[in-house]
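Shown next, in structure tokens, is the structure this report addresses.
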Amino acid sequence: MTTNPAPQRHKVLIVDDDPGMVHLLARTLLDMAQLHFAVRGDDALAKLAQHKPDLLVIDAELPDLDGYSVIARLRENPQLAHTAVVMVTSHDDASHRQRAFAAGVLDFFTKPIDRELIRLRVQQILNGESMELIELDERPLPVQRAAAAAAPAPAVNRPTTPVSAPAPLAAPAAPIDVHAVTSELFERMSAILSQAETLREHVRPGANASEIYPIQRIQEECAEVIQLLVTISGED
């Protein structure tokens, strides 16, 4: 029996420290690509190297490196130099627009954005870019859970003699790195969005609204959580 090849998925990295804008962009683009998120320039550079997205959607102003600096660093990396970039900013003056296009930005959107327009432009850009193959587990969730339950438990090395000495006092807990935690949660939400989109792609043709609604709710709730994560990440 032959299995269908894993679907090819575009990847988009959204970089903005404004929770409302991240939320809006996530809901605008979530059915078009696998989304990744960053709220700082240094984190954006790390995510670019990690995921090698087809498209970077970035704000001009960020808490550390600005969008132009991120783009400049991007162009210096041979593996990322050809990444498509769209800039979204509150600056609508000609100097910012000229600077963006001089940096190689393909399009420049001012806030508040026109959702339909940016969606159309992103789709055009993605259609002109090669896509990276991403392996997805397309089995139904009950099948995935059954497989996980049937997997053998990891071996536990037990001591051969009883330990009578009292356990040492635990070391003081290290400070929590909020940015690392939110970055990890961003990745998990991205994975959920990816699976939800895969479910949407397999809905039968002509399905009624009640069949599609649960998938839409998953995607909408993910966008809400992403907005909260951006807010938390900025509280330092």
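Ordered as shown in the structure tokens, chains take letters A, B, and onward, while each chain numbers its residues from 1 and ligands are numbered from 1 in the order shown.
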Just the residues within 12 Å of A:Glu220, please, counting only C-alpha atoms, with nothing from its chain fewer than 3 positions along; format it as an MDAnalysis selection string. chainID A and resid 23:31 189 192:193 196:197 213:217 223:227
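Considering only C-alpha atoms, the residue among A:Ala33, A:Ala150, A:Leu55, A:Ile113 positioned nearest to A:Leu74 is A:Leu55.
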Enumerate, as a ChimeraX atom specification, the complete set of residues in stretch 49-104 of chain A that a backbone-based DSSP assignment places in strand (DSSP E or B). /A:55-59,84-89
Atom-to-atom span, atom CA of A:Met21 and atom CA of A:Phe37, Å: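 Pair atom CA of A:Met21 / atom CA of A:Phe37 returns 11.8 Å.
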